[in-house]
Each structure stands twice: as structure tokens, then as C-alpha cells.
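**Student:** Provided herewith is a single structure, encoded as C-alpha cells, for subsequent inquiry.
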Amino acid sequence: MESTQRKIIYVDDVNFSLLSVKSRFKDRYEIYPAQSVFKLFEILENFKPDLILLDINMPGLNGYDAIKKLKTDERYADIPVIFLTARGDNESEDDGIKLGAADYVRKPFSDAELVERIESLFNQDPSKKKVELPKIIYVDDVNYNLLSVKSRLKTHYDIYPAQSVPRLFEVLENIKPNLILLDIEMPDTNGFTAIKKLKADERYADIPVIFLTARDDKDSVLDSIKLGAVDYVRKPFSDAELIRRIEFQLNVKKGGSGTVDSIPAPFF
């Protein structure tokens with residue numbers, strides 16, 4: 001009798017990882033281990049899985065190469081891919097999602113966490129059109145801040161973290177966000193320099209910028225507005241406050257009406 005378990009190919013160059021995942025989830029899923037990207041495509045010649053779990057750091061072809069190849073082949077493009085990797089930086093996660101991954105799980109992980117992420121993917125209702133959230137790039141050199149804001153606002157916005165101004169412009173090469181949240185005090189290139197560069201480039205000049213910063217002096221606020229920022233939010237902030245300010249600016253950008261009285265007085 002054919003198994004009713006969902007079939008998952010797990011790609012990782014570390015044999016221990018392959019054996020561990022297969023052992024930990026054998027009662028729930030039918031796991032097919034592949035110790036390289038080449039082995040992944042050999043397995044795909046024989047059957048189409050329900051899901052692919054994919055490591056990033058592998059010799060030869062890496063996980064990014066693999067998903068590019070998968071998404072450009074009509075036989076495999078619709079197979080959901082979850083990156084399962086030790087890479088813990090926001091840039092790697094951002095790159096993985098942009099390449100078409102359905103999710104990104106960082107090692108080490110708990111069995112419950114991975115099962116929850118997999119099942120939430122399988123339980124999505126295909127009849128319901130996915131709501132496209134407004135895209136926001138958040139620039140801050142502190143990784144904790146990036147993770148915190150992404151977690152706190154993820155149900156409202158699609159947050160793209162950037163840990164430096166150069167990274168901001170790398171992300172902008174791939175997407176045009178609805179809004180940019182920008183810290184001021186960062187090493188090398190600060191927020192003031194960043195907004196000058198944004199406003200001087202016709203590709204990005206119309207993207208609204210809100211400064212999100214710990215600076216609370218009047219001169220910084222005035223300088224920000226002079227440089228073209230649409231608002232200035234001081235850290236620490238409440239989720240409700242930041243969402244209210246963002247929504248106001250997104251509404252203005254779409255041509256909606258608004259008055260200064262409709263948001264909290266931000267400056268003095």
C-alpha cells in the first residue's frame with residue numbers, strides 16, 4: 001500500500017544532518033535525503049515531492065544555485081522550497097525569499113518549529129488569493145532592531161531588513177518598496193547621507209522615508225525634514241504609533257487625503 005505521508009526531499013551536504021532530520025520526522029513525513037544539488041535533481045527525475053528542504057552552504061552548487069534552477073524549470077517551479085540553514089543573517093534570508101523560497105528556517109531548530117512551518121505551508125488555501133502586503137525596507141546597523149521590527153510588523157508589512165546603507169541600495173536593485181524606514185546613526189554611511197543619495201536618484205526619489213532613530217534632538221528632526229523625510233519616529237516606539245505613521249504616509253502616497261492632525265505630533 002502506498003504511503004500517505006507527504007514526500008519531502010532534504011538537501012544537505014552534511015550526512016549527519018540528513019540522518020538526523022530523517023530520524024526526527026520519519027513518523028510524520030517521508031524524507032528523501034540528498035547530499036548535493038546534483039543528487040536532488042537525480043531524485044527529481046523519479047518523482048515530484050510535496051516539498052524541498054534546502055541547505056545553502058554546500059560545495060559545488062549551493063542552495064541559491066539550486067532554487068534558481070528549480071524556479072526556471074516548469075517541471076519543478078511549483079514545488080515549495082524551505083531553506084533550512086545555519087546562515088542566521090537577515091541578508092541571506094532576504095535573498096532566499098526573493099529567489100522564491102516559501103520560508104526560511106534557521107539551524108538549530110526544534111522539531112515543533114519545523115513541523116509548524118511545514119504544516120502552515122501545506123494548509124494554505126489555494127483558493128484564497130494571497131494578499132500582497134506593502135513592502136518596507138528597514139535600515140539599521142543593529143541586527144536585534146532589524147529582527148524586532150520585522151517580527152513586530154510582519155502581519156502588516158513585508159519587511160526587508162538592510163544592515164547598512166550599501167545593503168539598502170543592493171535591495172533596491174531588486175524591489176521598489178512602498179516606504180523606507182531609516183536609522184540615522186550607522187557606521188560608514190549614515191542615514192542623512194542615505195536620504196541625500198535617495199532623493200538625488202530619480203528611481204528612488206519618490207519613495208517616502210521615515211527616520212526611525214534614537215536621536216531626540218530638535219536639530220536632527222529639522223535636518224531630516226529638510227532632506228526630504230516625511231516623518232521622524234523616536235526609539236523606543238510603540239507598534240501602534242509606528243503603524244499609524246506608516247499607514248498615514250502610504251495613504252498619502254496613494255493619493256489619499258490626510259491632515260497633520262490625523263497623526264501624533266512627531267517633532268517637538
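Starting from 1 in every chain, residues are counted up; chains themselves are A, B, ... following the order of the C-alpha cells, and ligands are numbered from 1 as listed.
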Considering only strand (DSSP E or B) as DSSP defines it on the backbone, what residues of segment 24-260 of chain A qualify? List them as a ChimeraX atom specification.
**Tutor:** /A:29-34,51-54,81-85,103-106,135-139,158-162,179-182,209-213,231-234
**Student:** Within 7 Å of Ile180 of chain A, counting only C-alpha atoms, which residues show up once you throw out same-chain ones fewer than 5 positions away? Write them as a PyMOL selection string, please.
**Tutor:** chain A and resi 136-138+208-210
**Student:** When you look at Val105 of chain A with a cut-off of 10 Å (counting only C-alpha atoms), what residues show up, excluding the ones that are within fewer than 5 positions of it in the same chain? I need them as an MDAnalysis selection string.
**Tutor:** chainID A and resid 53:55 82:88 93 113:114 117
**Student:** Skip Asp206 of chain A itself and residues of its chain fewer than 4 positions away, then list as a PyMOL selection string all residues within 12 Å of it, counting only C-alpha atoms.
**Tutor:** chain A and resi 176-180+195+198-202+228-230+249-250+252-254
**Student:** Save the residues we just selected, N, CA, C and O atoms, as a PDB file, in the first residue's frame?
**Tutor:**
```pdb
ATOM      1  N   LYS A 176      11.213  47.736  -5.509  1.00  0.00           N
ATOM      2  CA  LYS A 176      10.937  49.125  -5.163  1.00  0.00           C
ATOM      3  C   LYS A 176       9.913  49.113  -4.040  1.00  0.00           C
ATOM      4  O   LYS A 176       8.768  48.729  -4.236  1.00  0.00           O
ATOM      5  N   PRO A 177      10.319  49.502  -2.836  1.00  0.00           N
ATOM      6  CA  PRO A 177       9.405  49.411  -1.691  1.00  0.00           C
ATOM      7  C   PRO A 177       8.372  50.524  -1.699  1.00  0.00           C
ATOM      8  O   PRO A 177       8.505  51.526  -2.404  1.00  0.00           O
ATOM      9  N   ASN A 178       7.349  50.350  -0.882  1.00  0.00           N
ATOM     10  CA  ASN A 178       6.358  51.403  -0.683  1.00  0.00           C
ATOM     11  C   ASN A 178       6.860  52.477   0.272  1.00  0.00           C
ATOM     12  O   ASN A 178       6.380  53.614   0.243  1.00  0.00           O
ATOM     13  N   LEU A 179       7.838  52.101   1.106  1.00  0.00           N
ATOM     14  CA  LEU A 179       8.339  53.039   2.108  1.00  0.00           C
ATOM     15  C   LEU A 179       9.675  52.526   2.634  1.00  0.00           C
ATOM     16  O   LEU A 179       9.945  51.333   2.609  1.00  0.00           O
ATOM     17  N   ILE A 180      10.511  53.449   3.116  1.00  0.00           N
ATOM     18  CA  ILE A 180      11.786  53.091   3.740  1.00  0.00           C
ATOM     19  C   ILE A 180      11.812  53.617   5.165  1.00  0.00           C
ATOM     20  O   ILE A 180      11.519  54.796   5.405  1.00  0.00           O
ATOM     21  N   ILE A 195      19.632  59.391   2.686  1.00  0.00           N
ATOM     22  CA  ILE A 195      18.463  60.065   2.122  1.00  0.00           C
ATOM     23  C   ILE A 195      18.871  61.066   1.044  1.00  0.00           C
ATOM     24  O   ILE A 195      18.149  61.262   0.055  1.00  0.00           O
ATOM     25  N   LEU A 198      19.224  58.948  -1.979  1.00  0.00           N
ATOM     26  CA  LEU A 198      17.907  58.510  -2.457  1.00  0.00           C
ATOM     27  C   LEU A 198      17.195  59.621  -3.219  1.00  0.00           C
ATOM     28  O   LEU A 198      16.656  59.405  -4.310  1.00  0.00           O
ATOM     29  N   LYS A 199      17.192  60.815  -2.644  1.00  0.00           N
ATOM     30  CA  LYS A 199      16.453  61.926  -3.249  1.00  0.00           C
ATOM     31  C   LYS A 199      17.125  62.459  -4.505  1.00  0.00           C
ATOM     32  O   LYS A 199      16.482  63.148  -5.314  1.00  0.00           O
ATOM     33  N   ALA A 200      18.403  62.135  -4.683  1.00  0.00           N
ATOM     34  CA  ALA A 200      19.126  62.589  -5.880  1.00  0.00           C
ATOM     35  C   ALA A 200      19.019  61.591  -7.030  1.00  0.00           C
ATOM     36  O   ALA A 200      19.499  61.854  -8.130  1.00  0.00           O
ATOM     37  N   ASP A 201      18.381  60.456  -6.777  1.00  0.00           N
ATOM     38  CA  ASP A 201      18.253  59.410  -7.799  1.00  0.00           C
ATOM     39  C   ASP A 201      16.781  59.318  -8.210  1.00  0.00           C
ATOM     40  O   ASP A 201      15.920  58.994  -7.384  1.00  0.00           O
ATOM     41  N   GLU A 202      16.490  59.553  -9.475  1.00  0.00           N
ATOM     42  CA  GLU A 202      15.089  59.605  -9.931  1.00  0.00           C
ATOM     43  C   GLU A 202      14.364  58.267  -9.760  1.00  0.00           C
ATOM     44  O   GLU A 202      13.130  58.222  -9.684  1.00  0.00           O
ATOM     45  N   GLY A 228      14.146  65.781   3.164  1.00  0.00           N
ATOM     46  CA  GLY A 228      13.072  65.121   2.417  1.00  0.00           C
ATOM     47  C   GLY A 228      12.352  64.009   3.131  1.00  0.00           C
ATOM     48  O   GLY A 228      11.494  63.342   2.536  1.00  0.00           O
ATOM     49  N   ALA A 229      12.667  63.761   4.413  1.00  0.00           N
ATOM     50  CA  ALA A 229      11.932  62.733   5.160  1.00  0.00           C
ATOM     51  C   ALA A 229      10.492  63.168   5.359  1.00  0.00           C
ATOM     52  O   ALA A 229      10.205  64.351   5.536  1.00  0.00           O
ATOM     53  N   VAL A 230       9.570  62.198   5.358  1.00  0.00           N
ATOM     54  CA  VAL A 230       8.151  62.519   5.539  1.00  0.00           C
ATOM     55  C   VAL A 230       7.732  62.463   7.003  1.00  0.00           C
ATOM     56  O   VAL A 230       6.679  62.968   7.374  1.00  0.00           O
ATOM     57  N   GLN A 249       1.375  57.724   5.767  1.00  0.00           N
ATOM     58  CA  GLN A 249       2.219  58.027   4.615  1.00  0.00           C
ATOM     59  C   GLN A 249       1.877  57.167   3.402  1.00  0.00           C
ATOM     60  O   GLN A 249       1.916  57.644   2.261  1.00  0.00           O
ATOM     61  N   LEU A 250       1.518  55.903   3.618  1.00  0.00           N
ATOM     62  CA  LEU A 250       1.113  55.052   2.499  1.00  0.00           C
ATOM     63  C   LEU A 250      -0.174  55.566   1.869  1.00  0.00           C
ATOM     64  O   LEU A 250      -0.349  55.518   0.649  1.00  0.00           O
ATOM     65  N   VAL A 252      -1.165  58.752   1.884  1.00  0.00           N
ATOM     66  CA  VAL A 252      -0.778  59.964   1.147  1.00  0.00           C
ATOM     67  C   VAL A 252      -0.144  59.595  -0.187  1.00  0.00           C
ATOM     68  O   VAL A 252      -0.434  60.194  -1.225  1.00  0.00           O
ATOM     69  N   LYS A 253       0.724  58.576  -0.173  1.00  0.00           N
ATOM     70  CA  LYS A 253       1.413  58.146  -1.397  1.00  0.00           C
ATOM     71  C   LYS A 253       0.423  57.671  -2.452  1.00  0.00           C
ATOM     72  O   LYS A 253       0.612  57.878  -3.649  1.00  0.00           O
ATOM     73  N   LYS A 254      -0.669  57.025  -1.981  1.00  0.00           N
ATOM     74  CA  LYS A 254      -1.684  56.530  -2.919  1.00  0.00           C
ATOM     75  C   LYS A 254      -2.652  57.619  -3.362  1.00  0.00           C
ATOM     76  O   LYS A 254      -3.587  57.353  -4.089  1.00  0.00           O
TER      77      LYS A 254
END
```
